[in-house]
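Visitor: Structure supplied as work_8.cif; contents: mmCIF, C-alpha atoms and all ligand atoms.
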```
data_target
loop_
_atom_site.label_atom_id
_atom_site.label_comp_id
_atom_site.auth_asym_id
_atom_site.auth_seq_id
_atom_site.Cartn_x
_atom_site.Cartn_y
_atom_site.Cartn_z
CA MET A 15 -24.17 34.84 10.69
CA VAL A 16 -23.28 37.88 8.61
CA GLU A 17 -22.25 37.24 5.02
CA THR A 18 -19.32 39.32 3.84
CA ALA A 19 -19.56 40.87 0.38
CA ARG A 20 -16.45 39.78 -1.52
CA THR A 21 -15.62 40.88 -5.03
CA PRO A 22 -12.48 40.94 -7.21
CA GLU A 23 -12.43 44.72 -6.59
CA ALA A 24 -12.79 44.28 -2.80
CA PRO A 25 -11.42 40.85 -1.86
CA ALA A 26 -11.67 39.53 1.70
CA ALA A 27 -8.43 40.01 3.64
CA TYR A 28 -7.93 36.85 5.69
CA ARG A 29 -4.91 36.81 8.03
CA HIS A 30 -5.08 33.27 9.35
CA ILE A 31 -6.42 30.31 7.39
CA ILE A 32 -6.67 26.62 8.21
CA VAL A 33 -5.81 24.31 5.32
CA THR A 34 -7.02 20.75 5.87
CA GLY A 35 -5.11 18.07 3.95
CA GLY A 36 -2.24 20.52 3.53
CA ALA A 37 0.36 17.71 3.47
CA GLY A 38 -1.24 16.07 0.41
CA PHE A 39 -0.65 16.76 -3.27
CA ILE A 40 -2.98 19.70 -3.95
CA GLY A 41 -3.21 20.96 -0.37
CA SER A 42 0.58 21.32 -0.09
CA ASN A 43 0.71 23.09 -3.44
CA PHE A 44 -1.92 25.51 -2.13
CA VAL A 45 0.04 26.12 1.09
CA HIS A 46 3.21 26.88 -0.92
CA TRP A 47 1.18 29.14 -3.22
CA VAL A 48 -0.23 31.12 -0.27
CA VAL A 49 3.16 31.40 1.46
CA ASP A 50 4.79 32.59 -1.80
CA ASN A 51 2.03 34.99 -2.90
CA GLN A 52 0.25 36.24 0.24
CA PRO A 53 2.85 37.60 2.68
CA ASP A 54 0.29 38.66 5.32
CA VAL A 55 -1.38 35.27 5.70
CA HIS A 56 -0.50 32.66 8.31
CA VAL A 57 -1.46 29.07 7.48
CA THR A 58 -2.37 26.36 9.96
CA VAL A 59 -2.20 22.97 8.26
CA LEU A 60 -4.41 20.25 9.74
CA ASP A 61 -3.45 16.86 8.35
CA ALA A 62 -3.72 13.27 9.66
CA LEU A 63 -0.69 12.18 7.58
CA THR A 64 -2.41 9.16 6.08
CA TYR A 65 -0.52 7.14 3.44
CA ALA A 66 -1.18 10.10 1.07
CA GLY A 67 0.11 12.83 3.39
CA ASN A 68 3.80 13.68 3.60
CA ARG A 69 5.32 16.26 5.94
CA GLU A 70 8.17 16.61 3.40
CA ASN A 71 5.68 18.27 1.03
CA LEU A 72 5.83 21.34 3.29
CA ALA A 73 9.61 21.39 3.68
CA GLY A 74 11.25 24.81 3.54
CA ILE A 75 8.27 26.82 4.83
CA ALA A 76 9.31 29.15 7.67
CA PRO A 77 7.62 28.46 11.05
CA GLU A 78 6.40 32.06 11.27
CA ARG A 79 4.36 31.46 8.10
CA MET A 80 2.90 28.04 8.93
CA THR A 81 1.85 25.92 11.92
CA PHE A 82 1.49 22.19 11.38
CA VAL A 83 -1.14 20.30 13.40
CA HIS A 84 -1.07 16.53 13.11
CA GLY A 85 -4.72 15.60 13.57
CA ASP A 86 -7.90 14.18 12.13
CA ILE A 87 -10.69 16.35 10.68
CA CYS A 88 -13.17 13.94 12.30
CA ASP A 89 -11.88 14.86 15.78
CA PRO A 90 -14.05 17.65 17.28
CA GLU A 91 -11.49 18.34 20.04
CA VAL A 92 -8.74 19.08 17.54
CA LEU A 93 -11.12 21.34 15.63
CA ALA A 94 -12.16 23.17 18.81
CA SER A 95 -8.48 23.84 19.53
CA ILE A 96 -7.71 25.55 16.18
CA VAL A 97 -10.89 26.84 14.51
CA PRO A 98 -11.66 29.72 16.95
CA ASP A 99 -8.40 31.49 15.99
CA ALA A 100 -8.84 31.23 12.23
CA ASP A 101 -10.60 33.55 9.76
CA ALA A 102 -11.23 30.81 7.20
CA ILE A 103 -11.03 27.06 6.58
CA VAL A 104 -9.95 25.76 3.17
CA HIS A 105 -10.94 22.10 3.11
CA PHE A 106 -8.80 19.83 0.93
CA ALA A 107 -8.50 16.76 3.22
CA ALA A 108 -10.05 13.67 1.68
CA GLU A 109 -9.54 10.11 0.67
CA SER A 110 -8.97 10.91 -2.99
CA HIS A 111 -8.28 7.80 -5.08
CA ASN A 112 -11.08 6.07 -7.00
CA ASP A 113 -9.40 2.65 -7.16
CA ASN A 114 -8.94 2.62 -3.37
CA SER A 115 -12.59 3.55 -2.89
CA ILE A 116 -13.64 0.55 -4.97
CA ALA A 117 -11.45 -1.80 -2.93
CA ASP A 118 -12.55 -0.35 0.46
CA PRO A 119 -15.12 2.47 0.67
CA ALA A 120 -15.18 2.78 4.49
CA PRO A 121 -12.42 5.41 4.94
CA PHE A 122 -14.04 7.48 2.18
CA VAL A 123 -17.37 7.68 3.99
CA ARG A 124 -15.62 8.58 7.23
CA THR A 125 -13.19 11.24 6.05
CA ASN A 126 -15.10 12.72 3.13
CA VAL A 127 -18.59 12.76 4.66
CA GLU A 128 -18.14 12.72 8.45
CA GLY A 129 -14.98 14.86 8.24
CA THR A 130 -16.75 17.55 6.21
CA TYR A 131 -19.68 17.46 8.64
CA ARG A 132 -17.35 17.96 11.63
CA LEU A 133 -15.62 20.89 9.94
CA LEU A 134 -18.93 22.52 9.02
CA GLU A 135 -20.10 22.22 12.62
CA ALA A 136 -16.89 23.88 13.81
CA ALA A 137 -17.29 26.65 11.19
CA ARG A 138 -20.89 27.14 12.32
CA ALA A 139 -19.95 27.30 16.00
CA HIS A 140 -17.25 29.93 15.43
CA GLY A 141 -18.63 31.91 12.46
CA THR A 142 -15.72 30.84 10.26
CA ARG A 143 -15.60 31.25 6.49
CA PHE A 144 -15.52 27.81 4.79
CA HIS A 145 -14.26 26.89 1.33
CA HIS A 146 -14.89 23.32 0.22
CA VAL A 147 -12.59 21.76 -2.38
CA SER A 148 -14.49 19.25 -4.48
CA THR A 149 -14.28 17.45 -7.79
CA ASP A 150 -15.88 17.40 -11.23
CA GLU A 151 -16.60 13.70 -10.67
CA VAL A 152 -19.74 14.59 -8.70
CA TYR A 153 -21.39 15.22 -12.10
CA GLY A 154 -20.75 11.66 -13.34
CA ASP A 155 -19.44 11.34 -16.86
CA LEU A 156 -20.08 12.50 -20.43
CA ALA A 157 -20.05 10.53 -23.67
CA LEU A 158 -16.97 11.02 -25.86
CA ASP A 159 -19.06 12.63 -28.60
CA ASP A 160 -21.19 14.81 -26.29
CA PRO A 161 -20.60 18.48 -27.21
CA ALA A 162 -21.52 19.49 -23.63
CA ARG A 163 -19.19 20.19 -20.73
CA PHE A 164 -20.04 20.25 -17.01
CA THR A 165 -21.40 23.54 -15.65
CA GLU A 166 -22.44 24.65 -12.16
CA ASP A 167 -25.99 23.56 -13.10
CA SER A 168 -25.15 20.01 -14.20
CA PRO A 169 -27.05 17.35 -12.22
CA TYR A 170 -25.19 15.34 -9.58
CA LYS A 171 -24.64 11.76 -10.85
CA PRO A 172 -21.56 10.34 -9.09
CA SER A 173 -20.37 6.89 -10.17
CA SER A 174 -17.81 5.61 -7.65
CA PRO A 175 -17.69 5.33 -3.86
CA TYR A 176 -15.12 8.19 -3.96
CA SER A 177 -17.21 10.54 -6.07
CA SER A 178 -20.42 9.72 -4.21
CA THR A 179 -18.81 10.66 -0.89
CA LYS A 180 -17.54 13.92 -2.43
CA ALA A 181 -21.07 14.58 -3.75
CA ALA A 182 -22.47 13.93 -0.26
CA SER A 183 -19.96 16.37 1.22
CA ASP A 184 -20.98 19.06 -1.32
CA MET A 185 -24.62 18.57 -0.26
CA LEU A 186 -23.72 19.04 3.40
CA VAL A 187 -21.90 22.28 2.57
CA ARG A 188 -24.92 23.61 0.66
CA ALA A 189 -27.27 22.67 3.48
CA TRP A 190 -25.11 24.30 6.16
CA HIS A 191 -25.18 27.50 4.13
CA ARG A 192 -28.92 27.53 3.53
CA THR A 193 -30.02 26.31 6.96
CA TYR A 194 -27.42 27.84 9.28
CA GLY A 195 -26.03 30.67 7.14
CA VAL A 196 -22.46 29.38 7.22
CA ASP A 197 -20.39 31.51 4.79
CA VAL A 198 -19.40 28.82 2.28
CA THR A 199 -18.17 28.45 -1.28
CA ILE A 200 -17.55 25.23 -3.23
CA SER A 201 -15.14 24.56 -6.09
CA ASN A 202 -15.33 21.49 -8.34
CA CYS A 203 -12.08 20.99 -10.20
CA SER A 204 -10.90 18.68 -12.96
CA ASN A 205 -7.89 16.31 -12.93
CA ASN A 206 -4.75 17.87 -11.46
CA TYR A 207 -1.16 17.09 -12.41
CA GLY A 208 2.19 18.36 -11.19
CA PRO A 209 4.94 17.57 -8.68
CA ARG A 210 4.26 15.68 -5.42
CA GLN A 211 1.20 13.77 -6.67
CA HIS A 212 0.97 10.32 -5.07
CA ILE A 213 2.32 7.56 -7.33
CA GLU A 214 -0.96 5.64 -7.19
CA LYS A 215 -2.41 8.23 -9.62
CA PHE A 216 -2.26 7.89 -13.41
CA ILE A 217 0.50 10.30 -14.49
CA PRO A 218 3.00 9.71 -11.65
CA ARG A 219 2.37 5.95 -11.76
CA GLN A 220 3.42 5.79 -15.41
CA ILE A 221 6.43 8.12 -14.94
CA THR A 222 7.73 6.14 -11.96
CA ASN A 223 7.08 2.82 -13.74
CA ILE A 224 9.31 3.95 -16.60
CA ILE A 225 12.03 5.24 -14.26
CA SER A 226 11.87 1.90 -12.37
CA GLY A 227 12.19 -0.16 -15.56
CA ALA A 228 8.54 -1.37 -15.45
CA ARG A 229 5.97 -0.91 -18.22
CA PRO A 230 3.16 1.68 -17.89
CA LYS A 231 -0.37 0.30 -17.40
CA LEU A 232 -3.40 1.52 -19.31
CA TYR A 233 -6.97 0.68 -18.22
CA GLY A 234 -9.68 -0.54 -20.60
CA ASP A 235 -9.44 0.81 -24.16
CA GLY A 236 -7.44 3.89 -23.10
CA LEU A 237 -9.96 6.24 -24.70
CA ASN A 238 -11.33 7.69 -21.44
CA VAL A 239 -10.90 11.46 -21.38
CA ARG A 240 -9.76 13.59 -18.45
CA ASP A 241 -9.58 17.41 -18.37
CA TRP A 242 -6.08 18.18 -17.06
CA ILE A 243 -5.11 21.27 -15.06
CA HIS A 244 -1.77 22.08 -13.44
CA THR A 245 -2.15 22.02 -9.68
CA GLU A 246 -0.72 25.55 -9.36
CA ASP A 247 -3.63 26.84 -11.45
CA HIS A 248 -6.02 24.98 -9.12
CA SER A 249 -4.37 26.80 -6.18
CA SER A 250 -4.72 30.26 -7.71
CA ALA A 251 -8.36 29.53 -8.54
CA VAL A 252 -9.12 28.39 -4.98
CA TRP A 253 -7.55 31.60 -3.64
CA ALA A 254 -9.67 33.70 -6.02
CA ILE A 255 -12.85 31.93 -4.90
CA LEU A 256 -11.92 32.06 -1.21
CA THR A 257 -11.27 35.80 -1.26
CA CYS A 258 -13.65 37.02 -4.00
CA GLY A 259 -16.33 34.33 -4.46
CA ARG A 260 -19.95 34.97 -3.53
CA ALA A 261 -21.26 33.20 -0.41
CA GLY A 262 -23.19 30.01 -1.14
CA GLU A 263 -21.90 29.78 -4.73
CA THR A 264 -20.25 26.92 -6.61
CA TYR A 265 -17.45 27.57 -9.12
CA LEU A 266 -16.10 25.01 -11.59
CA ILE A 267 -12.32 25.06 -12.09
CA GLY A 268 -10.83 23.83 -15.37
CA ALA A 269 -8.25 24.87 -17.96
CA ASP A 270 -9.58 23.45 -21.25
CA GLY A 271 -7.27 20.44 -20.96
CA GLU A 272 -9.29 17.50 -22.35
CA ARG A 273 -7.06 14.57 -23.38
CA SER A 274 -7.56 10.83 -23.75
CA ASN A 275 -5.56 8.58 -21.42
CA ILE A 276 -3.75 6.98 -24.32
CA ASP A 277 -2.67 10.39 -25.63
CA VAL A 278 -1.36 11.37 -22.20
CA LEU A 279 0.48 8.07 -21.85
CA ARG A 280 2.03 8.41 -25.31
CA ALA A 281 3.14 11.96 -24.44
CA ILE A 282 4.87 10.58 -21.33
CA LEU A 283 6.47 7.74 -23.33
CA ALA A 284 7.75 10.16 -25.99
CA ALA A 285 9.08 12.63 -23.40
CA MET A 286 10.94 9.79 -21.67
CA GLY A 287 12.39 8.34 -24.88
CA ARG A 288 10.24 5.20 -25.04
CA GLY A 289 8.29 3.70 -27.95
CA SER A 290 4.62 4.62 -28.36
CA ASP A 291 3.45 1.03 -27.68
CA ASP A 292 5.81 0.40 -24.79
CA PHE A 293 3.01 -0.21 -22.23
CA ASP A 294 0.59 -2.93 -21.01
CA TRP A 295 -3.19 -2.95 -21.40
CA VAL A 296 -4.71 -3.95 -18.05
CA ARG A 297 -8.13 -4.67 -16.54
CA ASP A 298 -10.52 -1.72 -16.64
CA ARG A 299 -11.69 0.10 -13.51
CA PRO A 300 -15.23 -1.06 -12.53
CA GLY A 301 -17.74 1.71 -13.30
CA HIS A 302 -14.97 3.69 -15.06
CA ASP A 303 -16.19 7.20 -15.98
CA ARG A 304 -15.78 7.84 -19.70
CA ARG A 305 -15.15 11.56 -19.95
CA TYR A 306 -14.91 14.63 -17.73
CA ALA A 307 -14.98 18.17 -19.17
CA ILE A 308 -15.29 21.50 -17.35
CA ASP A 309 -16.83 24.73 -18.59
CA PRO A 310 -15.01 27.35 -16.43
CA THR A 311 -16.88 30.37 -17.83
CA LYS A 312 -18.38 31.48 -14.50
CA LEU A 313 -15.00 31.50 -12.73
CA ARG A 314 -13.32 33.39 -15.56
CA ARG A 315 -16.09 35.95 -16.11
CA GLU A 316 -17.06 36.62 -12.50
CA LEU A 317 -13.66 36.46 -10.81
CA GLY A 318 -11.34 37.15 -13.75
CA TRP A 319 -9.29 34.00 -13.07
CA GLN A 320 -6.95 32.68 -15.79
CA PRO A 321 -4.74 29.57 -15.81
CA ARG A 322 -0.99 30.19 -16.25
CA HIS A 323 0.13 26.67 -17.20
CA THR A 324 -1.48 26.42 -20.61
CA ASP A 325 1.28 24.35 -22.26
CA PHE A 326 0.55 20.75 -21.23
CA ALA A 327 3.76 19.37 -22.81
CA GLU A 328 5.84 21.81 -20.78
CA GLY A 329 3.96 21.07 -17.53
CA LEU A 330 4.34 17.34 -18.15
CA ALA A 331 8.08 17.69 -18.84
CA ASP A 332 8.53 19.61 -15.55
CA THR A 333 6.53 16.94 -13.72
CA ILE A 334 8.61 14.11 -15.22
CA ARG A 335 11.80 15.97 -14.21
CA TRP A 336 10.53 16.36 -10.65
CA TYR A 337 10.03 12.57 -10.24
CA GLN A 338 13.44 11.93 -11.84
CA ASP A 339 15.08 14.41 -9.46
CA ASN A 340 13.26 13.23 -6.31
CA PRO A 341 13.46 9.40 -6.18
CA GLY A 342 13.70 9.56 -2.37
CA TRP A 343 10.18 11.01 -2.28
CA TRP A 344 8.51 8.02 -3.97
CA GLN A 345 10.78 4.96 -4.19
CA ALA A 346 10.02 3.55 -0.73
CA SER A 347 6.30 3.21 -1.51
CA LYS A 348 6.58 2.03 -5.14
CA GLN A 349 6.67 -1.71 -4.50
CA ALA A 350 3.63 -1.69 -2.19
CA VAL A 351 1.59 0.47 -4.59
CA GLU A 352 2.35 -1.86 -7.51
CA ALA A 353 1.67 -5.00 -5.42
CA LYS A 354 -1.80 -3.65 -4.61
CA TYR A 355 -2.47 -2.91 -8.29
CA ALA A 356 -1.20 -6.36 -9.28
CA GLU A 357 -3.70 -7.98 -6.88
CA GLN A 358 -6.48 -6.06 -8.70
CA GLY A 359 -5.20 -7.17 -12.14
CA GLN A 360 -4.12 -3.61 -12.88
P1 LIG B 401 -4.25 13.49 -1.56
O1 LIG B 401 -4.78 12.11 -1.36
O2 LIG B 401 -2.95 13.69 -2.23
O3 LIG B 401 -4.13 14.21 -0.14
C1 LIG B 401 -5.13 14.11 0.85
C2 LIG B 401 -4.56 14.70 2.15
O4 LIG B 401 -5.59 14.64 3.14
C3 LIG B 401 -3.37 13.92 2.70
O5 LIG B 401 -2.36 14.80 3.16
C4 LIG B 401 -3.97 13.15 3.87
O6 LIG B 401 -3.03 12.85 4.90
C5 LIG B 401 -5.06 14.10 4.34
N1 LIG B 401 -6.14 13.41 5.05
C6 LIG B 401 -6.83 12.31 4.66
N2 LIG B 401 -7.74 11.97 5.59
C7 LIG B 401 -7.64 12.89 6.58
C8 LIG B 401 -8.31 13.08 7.82
N3 LIG B 401 -9.29 12.25 8.21
N4 LIG B 401 -7.96 14.12 8.59
C9 LIG B 401 -6.98 14.98 8.20
N5 LIG B 401 -6.29 14.83 7.05
C10 LIG B 401 -6.62 13.79 6.26
O7 LIG B 401 -5.41 14.29 -2.29
P2 LIG B 401 -5.33 15.40 -3.44
O8 LIG B 401 -5.25 14.74 -4.75
O9 LIG B 401 -4.33 16.41 -3.05
O10 LIG B 401 -6.80 16.02 -3.33
C11 LIG B 401 -7.07 17.08 -2.41
C12 LIG B 401 -8.52 17.48 -2.53
O11 LIG B 401 -8.79 17.94 -3.85
C13 LIG B 401 -9.53 16.37 -2.26
O12 LIG B 401 -10.61 16.90 -1.54
C14 LIG B 401 -9.96 15.91 -3.64
O13 LIG B 401 -11.25 15.37 -3.61
C15 LIG B 401 -9.91 17.22 -4.39
N6 LIG B 401 -9.69 17.12 -5.85
C16 LIG B 401 -8.62 16.41 -6.31
C17 LIG B 401 -8.37 16.39 -7.69
C18 LIG B 401 -7.19 15.62 -8.25
O14 LIG B 401 -7.02 15.59 -9.47
N7 LIG B 401 -6.33 15.00 -7.43
C19 LIG B 401 -9.21 17.09 -8.56
C20 LIG B 401 -10.31 17.79 -8.03
C21 LIG B 401 -10.52 17.81 -6.67
O1 LIG B 402 -11.54 14.59 -11.95
C1 LIG B 402 -10.99 14.89 -10.72
C2 LIG B 402 -10.50 13.61 -10.06
O2 LIG B 402 -9.32 13.24 -10.76
C3 LIG B 402 -10.22 13.79 -8.58
O3 LIG B 402 -11.43 14.04 -7.92
C4 LIG B 402 -9.56 12.54 -7.98
O4 LIG B 402 -9.20 12.78 -6.64
C5 LIG B 402 -8.33 12.22 -8.79
O5 LIG B 402 -7.73 11.03 -8.33
C6 LIG B 402 -8.67 12.08 -10.27
O6 LIG B 402 -9.52 10.93 -10.49
P1 LIG B 402 -9.29 9.93 -11.74
O7 LIG B 402 -9.88 8.63 -11.36
O8 LIG B 402 -9.67 10.56 -13.01
O9 LIG B 402 -7.66 9.87 -11.69
P2 LIG B 402 -6.61 8.67 -11.82
O10 LIG B 402 -5.26 9.31 -11.81
O11 LIG B 402 -6.86 7.58 -10.86
O12 LIG B 402 -6.89 8.11 -13.29
C7 LIG B 402 -6.91 8.95 -14.42
C8 LIG B 402 -7.36 8.12 -15.62
O13 LIG B 402 -6.33 7.16 -15.92
C9 LIG B 402 -8.61 7.30 -15.36
O14 LIG B 402 -9.37 7.25 -16.55
C10 LIG B 402 -8.09 5.90 -15.01
C11 LIG B 402 -6.83 5.81 -15.85
N1 LIG B 402 -5.72 5.00 -15.30
C12 LIG B 402 -5.35 5.19 -14.00
C13 LIG B 402 -4.27 4.50 -13.48
C14 LIG B 402 -3.85 4.70 -12.03
C15 LIG B 402 -5.02 4.12 -16.15
O15 LIG B 402 -5.34 3.94 -17.33
N2 LIG B 402 -3.95 3.45 -15.61
C16 LIG B 402 -3.54 3.60 -14.33
O16 LIG B 402 -2.54 2.96 -13.91
#
```
Written as structure tokens, how would this file's structure read?

Guide:
Amino acid sequence: MVETARTPEAPAAYRHIIVTGGAGFIGSNFVHWVVDNQPDVHVTVLDALTYAGNRENLAGIAPERMTFVHGDICDPEVLASIVPDADAIVHFAAESHNDNSIADPAPFVRTNVEGTYRLLEAARAHGTRFHHVSTDEVYGDLALDDPARFTEDSPYKPSSPYSSTKAASDMLVRAWHRTYGVDVTISNCSNNYGPRQHIEKFIPRQITNIISGARPKLYGDGLNVRDWIHTEDHSSAVWAILTCGRAGETYLIGADGERSNIDVLRAILAAMGRGSDDFDWVRDRPGHDRRYAIDPTKLRRELGWQPRHTDFAEGLADTIRWYQDNPGWWQASKQAVEAKYAEQGQ
């Protein structure tokens, strides 16, 4: 397999890309980003529409810009029907929620490990460029007072069933590059926020609790730190890596957004006119990672990428407004999500 030289000066010009998981939170943001910013690219979305996928997330995209395929990444027949026509695969599809992985790891092993394997085999068979979307959680966690941040050379030390299956998928991608020469890149990104994130996740759960008249829920001592990035910045970074990143390389994506959970929750409470202690402390997540922090130097220096959403308060306010303006998107699932958390003491 011939590796294409891609640089910021001479980016690859893909005309037809497959986006797996394109009906989910980050995948759908990426599809909108490509449709809005890359007029010559056609997108085929492959999505199984699990509980986390929503066809509505792709509403308004013209059919000449996007084809939607309802299918499973673990199904080789579906892959054989779409991969031969594509220049590149951008792989977002995953089971993505840590708490779910603790309650039932089986779908995580299937989709995140077997699904990635199936896609790599299809990419190998058809000589297709492959970008793998992964997470900073593969590196485990850092102490609150550790001056270090994760880099591309940090050792893999995943903590949860979710992050261990993502780590396994990264290893498969690396092996398929080294052994079979598949033209791959990997990105490991920090915590995303923005519109259309499933309400099981931290920020939208608290926003929709407040709108619903329920109290927000904070795990443990609330001091765990996450490194927040707006999902649109994740999308522009993935595009930069897909079109300009060196084959076989890993790039960390982050926007210098470290914040403790309690600070984020208090920012939400203040923005929504609630008191700073207007929330419940609940049972901690087993194995809860303490702190994530990304050093994005390689991505910025090598590919010249910059985040655009650098004002967290503004991004959070837009996100809150989106959930206030779109109750029809989340209200039907709210009760079931909260019932599941209640069973877990959370
Ligand atoms: P999400 O749960 O919102 O969406 C996942 C999508 O994948 C859904 O549309 C779902 O229907 C689809 N899917 C699941 N199993 C599938 C299967 N077997 N076949 C086809 N489609 C399937 O997830 P997200 O938060 O948008 O995350 C997307 C990717 O980004 C994941 O790979 C995740 O590991 C990674 N990531 C997420 C974050 C974050 O903060 N959410 C940060 C870094 C990396
Ligand atoms: O770091 C990237 C990862 O970020 C992605 O790989 C995952 O797909 C994504 O879900 C996210 O993982 P986290 O576990 O960090 O995100 P979550 O939104 O579940 O939780 C964020 C923090 O908030 C975490 O420390 C747990 C805490 N939390 C979460 C919920 C749902 C609470 O305190 N209360 C809550 O109700």

Visitor: Each residue of chain A with at least one atom at most 6 Å from ligand LIG 402 (chain B) should appear once, together with its nearest atom pair and the corresponding distance in Å (one decimal); atoms considered: all atoms listed in the file; ordering: chain, then increasing residue number; output as a Markdown table.

Guide:
```
| residue | atom | partner | partner_atom | distance |
| --- | --- | --- | --- | --- |
| A:Ser110 | CA | B:LIG402 | O4 | 4.1 |
| A:His111 | CA | B:LIG402 | O5 | 4.6 |
| A:Asn112 | CA | B:LIG402 | O7 | 5.2 |
| A:Thr149 | CA | B:LIG402 | O3 | 4.4 |
| A:Asp150 | CA | B:LIG402 | O1 | 5.2 |
| A:Glu151 | CA | B:LIG402 | O1 | 5.3 |
| A:Ser204 | CA | B:LIG402 | O1 | 4.3 |
| A:Asn205 | CA | B:LIG402 | O2 | 4.0 |
| A:Glu214 | CA | B:LIG402 | C14 | 5.7 |
| A:Lys215 | CA | B:LIG402 | O10 | 3.8 |
| A:Phe216 | CA | B:LIG402 | O10 | 3.7 |
| A:Lys231 | CA | B:LIG402 | O16 | 4.9 |
| A:Leu232 | CA | B:LIG402 | O15 | 3.7 |
| A:Tyr233 | CA | B:LIG402 | O15 | 3.8 |
| A:Asn238 | CA | B:LIG402 | O14 | 5.3 |
| A:Asn275 | CA | B:LIG402 | O13 | 5.7 |
```

Visitor: Could you pull out every residue with an atom within 12 Å of (-28.6, 17.4, -9.9), file coordinates, counting all atoms listed in the file, and send them as a PyMOL selection string?

Guide: chain A and resi 152-154+164-172+181-182+184-185

Visitor: Considering all atoms listed in the file, tabulate each residue of chain A that lies at most 8 Å from ligand LIG 401 (chain B) along with its nearest interatomic pair and the corresponding distance in Å to one decimal; arrange the rows by chain and ascending residue number and present them as a Markdown table.

Guide:
```
| residue | atom | partner | partner_atom | distance |
| --- | --- | --- | --- | --- |
| A:Thr34 | CA | B:LIG401 | N5 | 6.1 |
| A:Gly35 | CA | B:LIG401 | O4 | 3.6 |
| A:Gly36 | CA | B:LIG401 | O5 | 5.7 |
| A:Ala37 | CA | B:LIG401 | O5 | 4.0 |
| A:Gly38 | CA | B:LIG401 | O5 | 3.2 |
| A:Phe39 | CA | B:LIG401 | O9 | 3.7 |
| A:Ile40 | CA | B:LIG401 | O9 | 3.7 |
| A:Gly41 | CA | B:LIG401 | O9 | 5.4 |
| A:Ser42 | CA | B:LIG401 | O9 | 7.5 |
| A:Leu60 | CA | B:LIG401 | C9 | 6.1 |
| A:Asp61 | CA | B:LIG401 | N5 | 3.7 |
| A:Ala62 | CA | B:LIG401 | C9 | 4.0 |
| A:Leu63 | CA | B:LIG401 | O6 | 3.6 |
| A:Thr64 | CA | B:LIG401 | O6 | 3.9 |
| A:Tyr65 | CA | B:LIG401 | O6 | 6.4 |
| A:Ala66 | CA | B:LIG401 | C3 | 4.7 |
| A:Gly67 | CA | B:LIG401 | O5 | 3.2 |
| A:Asn68 | CA | B:LIG401 | O5 | 6.3 |
| A:His84 | CA | B:LIG401 | C9 | 7.8 |
| A:Gly85 | CA | B:LIG401 | C9 | 5.9 |
| A:Asp86 | CA | B:LIG401 | N4 | 3.5 |
| A:Ile87 | CA | B:LIG401 | N4 | 4.1 |
| A:Cys88 | CA | B:LIG401 | N3 | 5.9 |
| A:His105 | CA | B:LIG401 | O12 | 7.0 |
| A:Phe106 | CA | B:LIG401 | C12 | 4.2 |
| A:Ala107 | CA | B:LIG401 | O4 | 3.6 |
| A:Ala108 | CA | B:LIG401 | C6 | 4.6 |
| A:Glu109 | CA | B:LIG401 | C6 | 5.3 |
| A:Ser110 | CA | B:LIG401 | O1 | 4.7 |
| A:His111 | CA | B:LIG401 | O1 | 6.7 |
| A:Arg124 | CA | B:LIG401 | N3 | 7.4 |
| A:Thr125 | CA | B:LIG401 | N3 | 4.6 |
| A:Asn126 | CA | B:LIG401 | O12 | 7.7 |
| A:Gly129 | CA | B:LIG401 | N3 | 6.3 |
| A:His146 | CA | B:LIG401 | O12 | 7.9 |
| A:Val147 | CA | B:LIG401 | O12 | 5.3 |
| A:Ser148 | CA | B:LIG401 | C21 | 4.8 |
| A:Thr149 | CA | B:LIG401 | C21 | 3.9 |
| A:Asp150 | CA | B:LIG401 | C20 | 6.4 |
| A:Glu151 | CA | B:LIG401 | C20 | 8.0 |
| A:Lys180 | CA | B:LIG401 | O13 | 6.6 |
| A:Asn202 | CA | B:LIG401 | C20 | 6.2 |
| A:Cys203 | CA | B:LIG401 | C20 | 4.3 |
| A:Ser204 | CA | B:LIG401 | C19 | 5.0 |
| A:Asn205 | CA | B:LIG401 | O14 | 3.6 |
| A:Asn206 | CA | B:LIG401 | O14 | 3.8 |
| A:Tyr207 | CA | B:LIG401 | O14 | 6.7 |
| A:Gln211 | CA | B:LIG401 | O2 | 6.1 |
| A:His212 | CA | B:LIG401 | O2 | 5.9 |
```

Visitor: Give me the box for stretch 76-93 of chain A as lines of an AutoDock Vina configuration file, namely the centre and edge lengths in Å to one decimal of a box along x, y and z that holds every listed atom plus 6 Å on each side.

Guide:
```
center_x = -2.4
center_y = 23.0
center_z = 13.9
size_x = 35.4
size_y = 30.1
size_z = 24.4
```

Visitor: So which one's closest to A:Val127, A:Asn114, A:Ile96, A:Pro321, A:Ser178? Using only C-alpha atoms, please.

Guide: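 Of all the options, A:Ser178 lies closest to A:Val127.
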
Visitor: Rank nothing, just name the residue among A:Pro77, A:Leu186, A:Pro161, A:Thr58 nearest to A:Tyr131, using only C-alpha atoms.

Guide: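 For A:Tyr131, the nearest of the candidates is A:Leu186.
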
Visitor: Could you check how far atom CA of A:Leu72 sits from atom CA of A:His56, in Å to one decimal?

Guide: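 Between these atoms lies a distance of 13.9 Å.
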
Visitor: One decimal, in Å: what's the spacing between atom CA of A:Ser290 and atom CA of A:Tyr337?

Guide: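 Between atom CA of A:Ser290 and atom CA of A:Tyr337 the gap works out to 20.5 Å.
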
Visitor: Taking only C-alpha atoms into account, which of A:Thr130, A:Ser249, A:Gln345, A:Gln360 comes nearest A:Ser226?

Guide: A:Gln345

Visitor: Of the residues A:Thr21, A:Thr245, A:Thr179, A:Thr199, which is the one nearest to A:Leu317, using all atoms listed in the file?

Guide: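 Using all atoms listed in the file, A:Leu317 sits closest to A:Thr21.
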